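Dumped entry.cif below, it's mmCIF, C-alpha atoms:
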```
data_entry
loop_
_atom_site.label_atom_id
_atom_site.label_comp_id
_atom_site.auth_asym_id
_atom_site.auth_seq_id
_atom_site.Cartn_x
_atom_site.Cartn_y
_atom_site.Cartn_z
CA MET A 93 119.49 -8.04 -59.61
CA GLU A 94 116.14 -7.44 -57.97
CA PHE A 95 113.63 -5.12 -59.65
CA THR A 96 109.98 -4.14 -59.41
CA LYS A 97 107.57 -3.63 -62.29
CA MET A 98 105.06 -0.81 -61.81
CA HIS A 99 102.66 1.20 -63.90
CA SER A 100 100.48 4.27 -63.71
CA LEU A 101 97.60 4.32 -66.21
CA GLY A 102 99.46 1.82 -68.37
CA ASN A 103 102.65 3.92 -68.48
CA ASP A 104 104.99 1.18 -67.20
CA TYR A 105 108.37 1.31 -65.47
CA ILE A 106 111.08 -0.93 -64.09
CA VAL A 107 112.09 0.30 -60.63
CA ILE A 108 115.63 -0.31 -59.36
CA ASN A 109 116.24 0.45 -55.68
CA GLU A 110 119.67 2.05 -55.30
CA TYR A 111 118.90 3.78 -51.98
CA HIS A 112 121.21 1.45 -50.07
CA GLY A 113 123.84 1.15 -52.80
CA ILE A 114 124.38 1.56 -56.54
CA LYS A 115 123.39 -1.48 -58.62
CA VAL A 116 124.03 -0.13 -62.12
CA GLU A 117 127.17 1.98 -62.50
CA GLU A 118 126.66 5.42 -64.03
CA GLU A 119 128.43 4.65 -67.30
CA TYR A 120 126.10 1.67 -67.91
CA LYS A 121 122.75 3.22 -66.98
CA ARG A 122 121.82 4.36 -70.50
CA GLU A 123 122.64 1.06 -72.20
CA PHE A 124 121.12 -0.93 -69.33
CA SER A 125 117.86 1.01 -69.69
CA LYS A 126 117.72 0.43 -73.45
CA ARG A 127 118.28 -3.31 -73.01
CA ILE A 128 115.88 -3.95 -70.15
CA CYS A 129 113.06 -1.90 -71.74
CA ARG A 130 113.00 -3.94 -74.97
CA ARG A 131 109.60 -5.59 -75.12
CA GLY A 132 109.77 -9.23 -76.16
CA PHE A 133 113.50 -9.45 -75.41
CA SER A 134 113.66 -8.38 -71.76
CA VAL A 135 111.27 -7.15 -69.08
CA GLY A 136 109.90 -4.39 -71.34
CA ALA A 137 108.82 -0.93 -70.20
CA ASP A 138 108.50 2.73 -71.12
CA GLY A 139 111.39 3.58 -68.81
CA VAL A 140 113.60 2.72 -65.84
CA ILE A 141 113.36 4.50 -62.48
CA PHE A 142 116.32 4.57 -60.09
CA ILE A 143 115.74 5.32 -56.40
CA GLN A 144 118.81 6.99 -54.89
CA ARG A 145 119.91 8.93 -51.84
CA PRO A 146 119.54 12.70 -52.37
CA GLU A 147 122.39 15.11 -52.91
CA ASP A 148 120.20 17.98 -51.69
CA GLU A 149 120.04 17.88 -47.88
CA ASN A 150 116.51 19.32 -47.99
CA CYS A 151 115.21 16.26 -49.83
CA ASP A 152 114.38 12.76 -48.59
CA VAL A 153 115.20 10.80 -51.73
CA LYS A 154 116.33 11.24 -55.34
CA PHE A 155 114.33 10.31 -58.45
CA ARG A 156 116.02 9.47 -61.74
CA ILE A 157 114.32 8.17 -64.85
CA PHE A 158 115.66 6.87 -68.16
CA ASN A 159 113.48 6.47 -71.25
CA SER A 160 113.40 3.27 -73.27
CA ASP A 161 115.85 4.79 -75.79
CA GLY A 162 118.42 5.30 -73.01
CA SER A 163 117.97 9.06 -72.67
CA GLU A 164 117.57 10.51 -69.18
CA ALA A 165 114.48 12.65 -68.58
CA GLU A 166 114.21 15.55 -66.14
CA MET A 167 110.87 14.49 -64.65
CA CYS A 168 107.91 12.21 -65.21
CA GLY A 169 104.52 12.70 -63.60
CA ASN A 170 103.42 9.06 -63.85
CA GLY A 171 106.87 7.81 -62.96
CA ILE A 172 107.17 9.90 -59.81
CA ARG A 173 103.84 8.55 -58.52
CA CYS A 174 105.12 4.98 -58.97
CA PHE A 175 108.37 6.08 -57.32
CA SER A 176 106.53 7.62 -54.34
CA LYS A 177 104.42 4.52 -53.75
CA TYR A 178 107.50 2.30 -53.87
CA VAL A 179 109.52 4.54 -51.54
CA TYR A 180 106.75 4.77 -48.94
CA GLU A 181 105.93 1.07 -48.96
CA LYS A 182 109.47 -0.31 -49.24
CA VAL A 183 112.08 2.32 -48.27
CA LEU A 184 110.91 5.29 -46.15
CA LYS A 185 107.63 5.60 -44.27
CA LYS A 186 107.54 9.36 -44.83
CA ASN A 187 104.60 11.46 -45.98
CA PRO A 188 104.82 13.97 -47.59
CA LEU A 189 107.93 12.98 -49.48
CA TYR A 190 110.43 15.63 -50.63
CA VAL A 191 111.92 14.36 -53.88
CA GLU A 192 115.02 15.60 -55.71
CA THR A 193 114.67 15.43 -59.51
CA LEU A 194 116.59 16.86 -62.45
CA GLY A 195 113.55 19.11 -62.95
CA GLY A 196 113.71 20.46 -59.39
CA LEU A 197 112.06 19.67 -56.05
CA ARG A 198 108.79 17.74 -56.13
CA ILE A 199 106.62 17.26 -53.04
CA CYS A 200 104.51 14.10 -53.05
CA GLU A 201 101.54 13.79 -50.67
CA MET A 202 100.07 10.32 -50.33
CA GLU A 203 96.67 9.00 -49.32
CA ILE A 204 97.39 5.91 -47.21
CA GLU A 205 95.08 3.03 -46.36
CA ARG A 206 96.43 0.20 -44.17
CA ASN A 207 100.04 1.07 -45.07
CA THR A 208 99.22 0.99 -48.79
CA VAL A 209 99.45 4.10 -50.97
CA ARG A 210 96.16 4.61 -52.84
CA PHE A 211 96.64 8.03 -54.43
CA ILE A 212 99.52 10.45 -54.81
CA ARG A 213 99.17 14.22 -55.14
CA VAL A 214 102.32 15.74 -56.61
CA HIS A 215 103.28 19.38 -56.28
CA MET A 216 104.56 19.91 -59.83
CA GLY A 217 106.26 23.28 -59.25
CA THR A 218 105.91 26.47 -61.28
CA PRO A 219 105.36 26.13 -65.05
CA LYS A 220 107.77 27.94 -67.37
CA PHE A 221 106.82 29.35 -70.75
CA GLN A 222 109.82 31.32 -71.99
CA LEU A 223 111.68 29.85 -74.94
CA ARG A 224 114.95 29.55 -73.00
CA ASP A 225 113.22 27.19 -70.55
CA ILE A 226 111.84 24.79 -73.15
CA PRO A 227 114.38 25.18 -74.86
CA MET A 228 113.08 26.38 -78.22
CA GLU A 229 114.76 28.42 -80.95
CA VAL A 230 112.41 30.38 -83.21
CA GLU A 231 113.47 32.82 -85.90
CA GLY A 232 112.31 36.35 -85.01
CA LYS A 233 111.87 35.57 -81.30
CA ASP A 234 114.30 35.89 -78.41
CA GLU A 235 114.79 33.61 -75.41
CA ASN A 236 112.38 35.61 -73.22
CA ASP A 237 109.43 35.23 -75.61
CA ILE A 238 106.72 32.60 -75.31
CA PHE A 239 105.08 30.39 -77.95
CA LEU A 240 101.33 30.03 -77.48
CA ASN A 241 99.03 28.69 -80.20
CA GLU A 242 101.44 29.76 -82.95
CA TYR A 243 102.27 28.00 -86.19
CA LEU A 244 104.98 25.38 -86.49
CA TYR A 245 105.74 24.46 -90.10
CA LEU A 246 106.10 20.78 -91.02
CA ASN A 247 107.58 18.82 -93.91
CA SER A 248 106.01 15.37 -93.58
CA GLY A 249 103.25 15.99 -96.11
CA ILE A 250 100.53 15.10 -93.58
CA LEU A 251 100.02 18.72 -92.47
CA ASP A 252 101.79 21.82 -93.74
CA ARG A 253 101.60 23.49 -90.35
CA VAL A 254 100.10 23.08 -86.87
CA ARG A 255 99.26 25.52 -84.12
CA VAL A 256 101.39 24.58 -81.11
CA SER A 257 101.79 25.83 -77.53
CA VAL A 258 104.80 24.98 -75.35
CA VAL A 259 105.48 24.76 -71.61
CA ASN A 260 108.08 23.28 -69.27
CA VAL A 261 106.80 21.57 -66.10
CA GLY A 262 110.12 19.98 -65.19
CA ASN A 263 110.41 18.65 -68.74
CA PRO A 264 109.29 20.21 -72.05
CA HIS A 265 105.94 19.75 -73.77
CA ALA A 266 104.40 20.81 -77.07
CA VAL A 267 100.60 20.75 -77.15
CA VAL A 268 98.46 20.72 -80.29
CA PHE A 269 94.82 21.60 -79.59
CA LEU A 270 92.67 19.78 -82.15
CA GLU A 271 89.94 22.42 -82.33
CA ASP A 272 92.52 25.08 -83.27
CA ASN A 273 93.87 22.93 -86.11
CA ASP A 274 90.59 21.64 -87.58
CA ILE A 275 91.57 17.99 -86.99
CA ASN A 276 90.04 15.19 -84.91
CA MET A 277 91.30 12.27 -82.83
CA ASP A 278 90.77 9.73 -85.61
CA PHE A 279 93.13 11.77 -87.80
CA VAL A 280 95.65 12.04 -84.95
CA ARG A 281 95.67 8.31 -84.21
CA LYS A 282 96.05 7.44 -87.87
CA ASN A 283 99.03 9.78 -88.30
CA LEU A 284 100.46 9.85 -84.77
CA GLU A 285 103.81 8.23 -85.51
CA ILE A 286 104.60 10.61 -88.38
CA LEU A 287 103.34 13.80 -86.73
CA GLY A 288 104.60 12.94 -83.26
CA ARG A 289 108.08 12.02 -84.45
CA GLU A 290 108.39 15.10 -86.66
CA ILE A 291 107.35 17.54 -83.93
CA GLU A 292 109.48 15.75 -81.30
CA ASN A 293 112.57 16.13 -83.50
CA HIS A 294 111.72 19.49 -85.08
CA ARG A 295 114.72 21.77 -85.58
CA VAL A 296 113.25 24.41 -83.22
CA PHE A 297 113.61 21.97 -80.30
CA PRO A 298 117.36 21.35 -79.83
CA GLU A 299 116.74 18.89 -76.98
CA ARG A 300 113.61 17.36 -78.56
CA ILE A 301 110.19 17.60 -76.91
CA ASN A 302 107.17 15.61 -75.70
CA VAL A 303 104.15 16.02 -77.98
CA HIS A 304 100.45 15.89 -77.04
CA PHE A 305 97.32 16.17 -79.15
CA VAL A 306 94.50 17.57 -77.03
CA GLU A 307 90.75 17.91 -77.48
CA THR A 308 88.86 20.32 -75.21
CA LEU A 309 85.66 18.66 -73.98
CA GLY A 310 84.38 21.37 -71.66
CA ARG A 311 85.37 23.91 -69.01
CA ASN A 312 86.85 21.22 -66.76
CA GLU A 313 87.70 18.37 -69.10
CA ILE A 314 90.16 17.51 -71.88
CA ARG A 315 91.21 14.38 -73.76
CA MET A 316 94.79 13.80 -74.93
CA VAL A 317 96.98 11.40 -76.92
CA THR A 318 100.71 11.39 -76.25
CA TRP A 319 103.89 10.94 -78.26
CA GLU A 320 106.62 10.84 -75.61
CA ARG A 321 110.17 12.02 -76.24
CA GLY A 322 112.49 9.02 -76.42
CA VAL A 323 109.62 6.52 -76.18
CA GLY A 324 106.94 7.13 -78.82
CA TYR A 325 103.24 6.52 -78.21
CA THR A 326 102.39 6.02 -74.54
CA ARG A 327 99.02 5.39 -72.90
CA ALA A 328 99.57 8.18 -70.39
CA CYS A 329 101.95 10.99 -69.45
CA GLY A 330 101.60 12.75 -66.10
CA THR A 331 103.73 15.78 -66.89
CA GLY A 332 102.02 15.93 -70.29
CA ALA A 333 98.60 15.95 -68.64
CA THR A 334 99.84 18.72 -66.34
CA GLY A 335 101.28 20.78 -69.20
CA SER A 336 98.19 20.31 -71.36
CA ALA A 337 95.86 21.39 -68.56
CA ILE A 338 98.04 24.43 -67.83
CA LEU A 339 98.01 25.51 -71.47
CA ALA A 340 94.27 24.89 -71.84
CA HIS A 341 93.71 27.10 -68.79
CA LYS A 342 96.15 29.77 -70.01
CA LEU A 343 94.38 29.92 -73.39
CA GLY A 344 91.00 30.32 -71.69
CA LYS A 345 89.69 26.92 -72.72
CA THR A 346 89.23 25.50 -69.21
CA GLY A 347 89.02 26.47 -65.55
CA ASN A 348 91.67 25.80 -62.91
CA LYS A 349 90.54 22.24 -62.14
CA VAL A 350 90.85 19.91 -65.10
CA LEU A 351 90.05 16.22 -65.51
CA VAL A 352 92.40 14.79 -68.14
CA HIS A 353 91.34 11.67 -70.05
CA LEU A 354 94.27 9.60 -71.34
CA ASP A 355 94.24 6.23 -73.08
CA GLY A 356 95.37 4.59 -69.83
CA GLY A 357 92.87 6.36 -67.56
CA ASP A 358 92.19 9.73 -65.93
CA LEU A 359 94.29 12.25 -63.99
CA GLU A 360 93.28 15.34 -62.03
CA VAL A 361 95.16 18.64 -62.39
CA GLU A 362 94.65 21.63 -60.13
CA ILE A 363 96.16 24.98 -61.13
CA GLY A 364 96.98 27.63 -58.52
CA GLU A 365 98.53 31.08 -58.77
CA ASN A 366 102.12 29.90 -59.21
CA GLU A 367 101.87 26.18 -58.65
CA VAL A 368 100.23 23.09 -60.07
CA TYR A 369 99.14 19.78 -58.52
CA LEU A 370 98.71 16.41 -60.21
CA LYS A 371 96.71 13.60 -58.60
CA GLY A 372 96.45 9.95 -59.57
CA GLY A 373 97.26 6.41 -58.55
CA ALA A 374 100.05 3.91 -59.18
CA THR A 375 100.19 0.12 -59.25
CA LEU A 376 102.88 -2.33 -58.18
CA VAL A 377 102.60 -5.23 -60.62
CA TYR A 378 105.31 -7.67 -59.53
CA ASP A 379 108.80 -8.10 -58.10
CA GLY A 380 111.40 -10.03 -60.06
CA ILE A 381 115.05 -10.98 -60.46
CA LEU A 382 117.06 -10.10 -63.55
CA ARG A 383 119.45 -12.68 -64.99
CA ASP A 384 122.36 -11.43 -67.08
CA ALA A 385 121.20 -7.88 -66.34
CA LEU A 386 124.25 -6.19 -67.86
#
```
Structure re-expressed in structure tokens:
Amino acid sequence: MEFTKMHSLGNDYIVINEYHGIKVEEEYKREFSKRICRRGFSVGADGVIFIQRPEDENCDVKFRIFNSDGSEAEMCGNGIRCFSKYVYEKVLKKNPLYVETLGGLRICEMEIERNTVRFIRVHMGTPKFQLRDIPMEVEGKDENDIFLNEYLYLNSGILDRVRVSVVNVGNPHAVVFLEDNDINMDFVRKNLEILGREIENHRVFPERINVHFVETLGRNEIRMVTWERGVGYTRACGTGATGSAILAHKLGKTGNKVLVHLDGGDLEVEIGENEVYLKGGATLVYDGILRDAL
């Protein structure tokens, strides 16, 4: 089976082209993704991206992504940029690209130089804040309420409670602003696995959640560290950068254009009235052939 290894800011993916025919049957996709993502035992990656024909006639192509634990995610900001570069260079010479995802339509505009995609600007849709859209279940709140900079109580012994804000940008995100919790990045990195795992699997999040620890650096700049649902620590998260910038803006910490510093590099987020754009690059690392893929 042919595959392509790609990354965006160190967030790496195995891309399987199923546009001209299914290569991994539906019932095997979860187990296949778990096996092929195991570092040291297979190719190794944060997730697997499948390129498929769309079911929605208004879309050009369909994006599906499975995390390294085999769970399927609704959307992925870094993944969809890798996907867009691959599709333009190897499948469809179309720009912009209308992409069907489990999180809804995404429009990807590409900056092209000599038939090579240099940057991708993704229309990330309209953010959702109500608890029913996360989903999140909080005692004393109903599904139409929001959860912004409110306390979440923990049991790990590291922290008794943290102030958290939540948003859905095609997939769900919980953001912990360091300055509102009197902690710093050294503390976060030292305790990331415990805190990230506990918040990801907290009882208030029935479908789990992506977790980001964010430091506000100025009116147009933030720094973040990510614990990704179904993956763990990752160097970058595009939807997480988007969600973090949206929440920083909503809480009055930043303006509507935000430079997000991640361990893997930087992303640009632009926030409009009812829409958000994410801009960054993607890299094709190598093509390969899997032996004993299933």
Which value, in Å to one decimal, gives the distance between CA of Lys371 (chain A) and CA of Gly322 (chain A)?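 CA of Lys371 (chain A) sits 24.2 Å away from CA of Gly322 (chain A).
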Select all residues near (107.9, 17.6, -85.9) (cut-off 10 Å, inclusive, file coordinates), counting all atoms listed in the file, and output them as a PyMOL selection string. chain A and resi 244-248+253-254+286-297+300-301+303
Quick one: apply the PyMOL selection byres ((chain A and resi 364) around 12) to the file and drop the selected residues here as a list in words. His215, Met216, Gly217, Thr218, Pro219, Ala337, Ile338, His341, Lys342, Gly347, Asn348, Lys349, Val350, Val361, Glu362, Ile363, Glu365, Asn366, Glu367, Val368, Tyr369 and Leu370 of chain A
Residue among A:Gly132, A:Gly344, A:Pro264, A:Gly324 lying closest to Met228 (chain A), counting all atoms listed in the file: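 Residue with the minimum atom-to-atom distance to Met228 (chain A): A:Pro264.
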Resolved residues for the PyMOL selection byres ((chain A and resi 316) around 8) as a VMD selection string: chain A and resid 304 to 307 314 to 315 317 to 318 333 352 to 355
Close residues, region 117-131 of chain A itself excluded, 7 Å, all atoms listed in the file, min 5 positions apart in chain, as a short mmCIF file (atom, residue, chain, number, x, y, z; two decimals) with C-alpha atoms, keeping the file's coordinate frame:
```cif
data_model
loop_
_atom_site.label_atom_id
_atom_site.label_comp_id
_atom_site.auth_asym_id
_atom_site.auth_seq_id
_atom_site.Cartn_x
_atom_site.Cartn_y
_atom_site.Cartn_z
CA GLY A 136 109.90 -4.39 -71.34
CA ALA A 137 108.82 -0.93 -70.20
CA ASP A 138 108.50 2.73 -71.12
CA GLY A 139 111.39 3.58 -68.81
CA VAL A 140 113.60 2.72 -65.84
CA PHE A 158 115.66 6.87 -68.16
CA SER A 160 113.40 3.27 -73.27
CA ASP A 161 115.85 4.79 -75.79
CA GLY A 162 118.42 5.30 -73.01
CA SER A 163 117.97 9.06 -72.67
CA LEU A 386 124.25 -6.19 -67.86
#
```
So that I can check the surroundings of Lys345 (chain A), please list as a list of chain:residue names every protein, DNA and RNA residue that reaches within 9 Å of it, counting all atoms listed in the file and ignoring chain neighbours fewer than 2 positions away. A:Thr308, A:Gly310, A:Arg311, A:Asn312, A:Leu339, A:Ala340, A:His341, A:Lys342, A:Leu343, A:Gly347
Evaluated on this file, the PyMOL selection byres ((chain A and resi 99) around 7) picks out some residues - which ones are they, written as a PDB file with C-alpha atoms, in the frame of the given file?
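The result, stored in out-v1.pdb:
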```
ATOM      1  CA  MET A  98     105.060  -0.810 -61.810  1.00  0.00           C
ATOM      2  CA  SER A 100     100.480   4.270 -63.710  1.00  0.00           C
ATOM      3  CA  LEU A 101      97.600   4.320 -66.210  1.00  0.00           C
ATOM      4  CA  GLY A 102      99.460   1.820 -68.370  1.00  0.00           C
ATOM      5  CA  ASN A 103     102.650   3.920 -68.480  1.00  0.00           C
ATOM      6  CA  ASP A 104     104.990   1.180 -67.200  1.00  0.00           C
ATOM      7  CA  TYR A 105     108.370   1.310 -65.470  1.00  0.00           C
ATOM      8  CA  CYS A 174     105.120   4.980 -58.970  1.00  0.00           C
ATOM      9  CA  ALA A 374     100.050   3.910 -59.180  1.00  0.00           C
ATOM     10  CA  THR A 375     100.190   0.120 -59.250  1.00  0.00           C
ATOM     11  CA  LEU A 376     102.880  -2.330 -58.180  1.00  0.00           C
TER      12      LEU A 376
END
```
Within 6 Å of region 193-200 of chain A using all atoms listed in the file, minus same-chain residues under 5 positions, as a PyMOL selection string: chain A and resi 155+166-167+188+213-215+262
Which of these, A:Asn187, A:Phe221, A:Lys177, A:Asn170, has the shortest distance to Val209 (chain A) once you count all atoms listed in the file? A:Lys177
Gap from CA of Val116 (chain A) to CA of Lys154 (chain A) - Å, one decimal: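 It comes out at 15.3 Å.
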Give me, please, the distance in Å between CA of Ala165 (chain A) and CA of Asn109 (chain A), quoted to one decimal. 17.8 Å
Just want the 7 Å neighbourhood of Gly332 (chain A), counted on all atoms listed in the file, with same-chain residues fewer than 3 positions away dropped. Output as a list in words.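 The residues that qualify are His265, His304, Cys329, Gly335 and Ser336 of chain A.
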Rank nothing, just name the residue among A:Ile250, A:Met202, A:Ile141, A:Ile226 nearest to Leu284 (chain A), using all atoms listed in the file.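 Closest to Leu284 (chain A), using all atoms listed in the file: A:Ile250.
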Using all atoms listed in the file, which residues sit within 9 Å of Pro146 (chain A) once same-chain residues fewer than 3 positions away are excluded, as number ranges by chain? A: 111, 149-155, 191-192
File of the preceding selection, C-alpha atoms, as a PDB file, in the frame of the given file:
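Produced file part.pdb, reproduced below:
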```
ATOM      1  CA  TYR A 111     118.900   3.780 -51.980  1.00  0.00           C
ATOM      2  CA  GLU A 149     120.040  17.880 -47.880  1.00  0.00           C
ATOM      3  CA  ASN A 150     116.510  19.320 -47.990  1.00  0.00           C
ATOM      4  CA  CYS A 151     115.210  16.260 -49.830  1.00  0.00           C
ATOM      5  CA  ASP A 152     114.380  12.760 -48.590  1.00  0.00           C
ATOM      6  CA  VAL A 153     115.200  10.800 -51.730  1.00  0.00           C
ATOM      7  CA  LYS A 154     116.330  11.240 -55.340  1.00  0.00           C
ATOM      8  CA  PHE A 155     114.330  10.310 -58.450  1.00  0.00           C
ATOM      9  CA  VAL A 191     111.920  14.360 -53.880  1.00  0.00           C
ATOM     10  CA  GLU A 192     115.020  15.600 -55.710  1.00  0.00           C
TER      11      GLU A 192
END
```
Using all atoms listed in the file, pick whichever of A:Ser176, A:Phe133, A:Thr334, A:Asp237 has the shortest atom-to-atom distance to Val107 (chain A). A:Ser176
Go through A:Arg383, A:Lys115, A:Lys182, A:Lys282 one by one, measure the shortest atom-to-atom distance of each to Ser134 (chain A) using all atoms listed in the file, and give the residue with the smallest value.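 Selected residue with least distance to Ser134 (chain A): A:Arg383.
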Return the single residue from A:Thr331, A:Thr96, A:Thr346, A:Asn241 that is closest to Val267 (chain A), with distances computed using only C-alpha atoms.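 Using only C-alpha atoms, Val267 (chain A) sits closest to A:Asn241.
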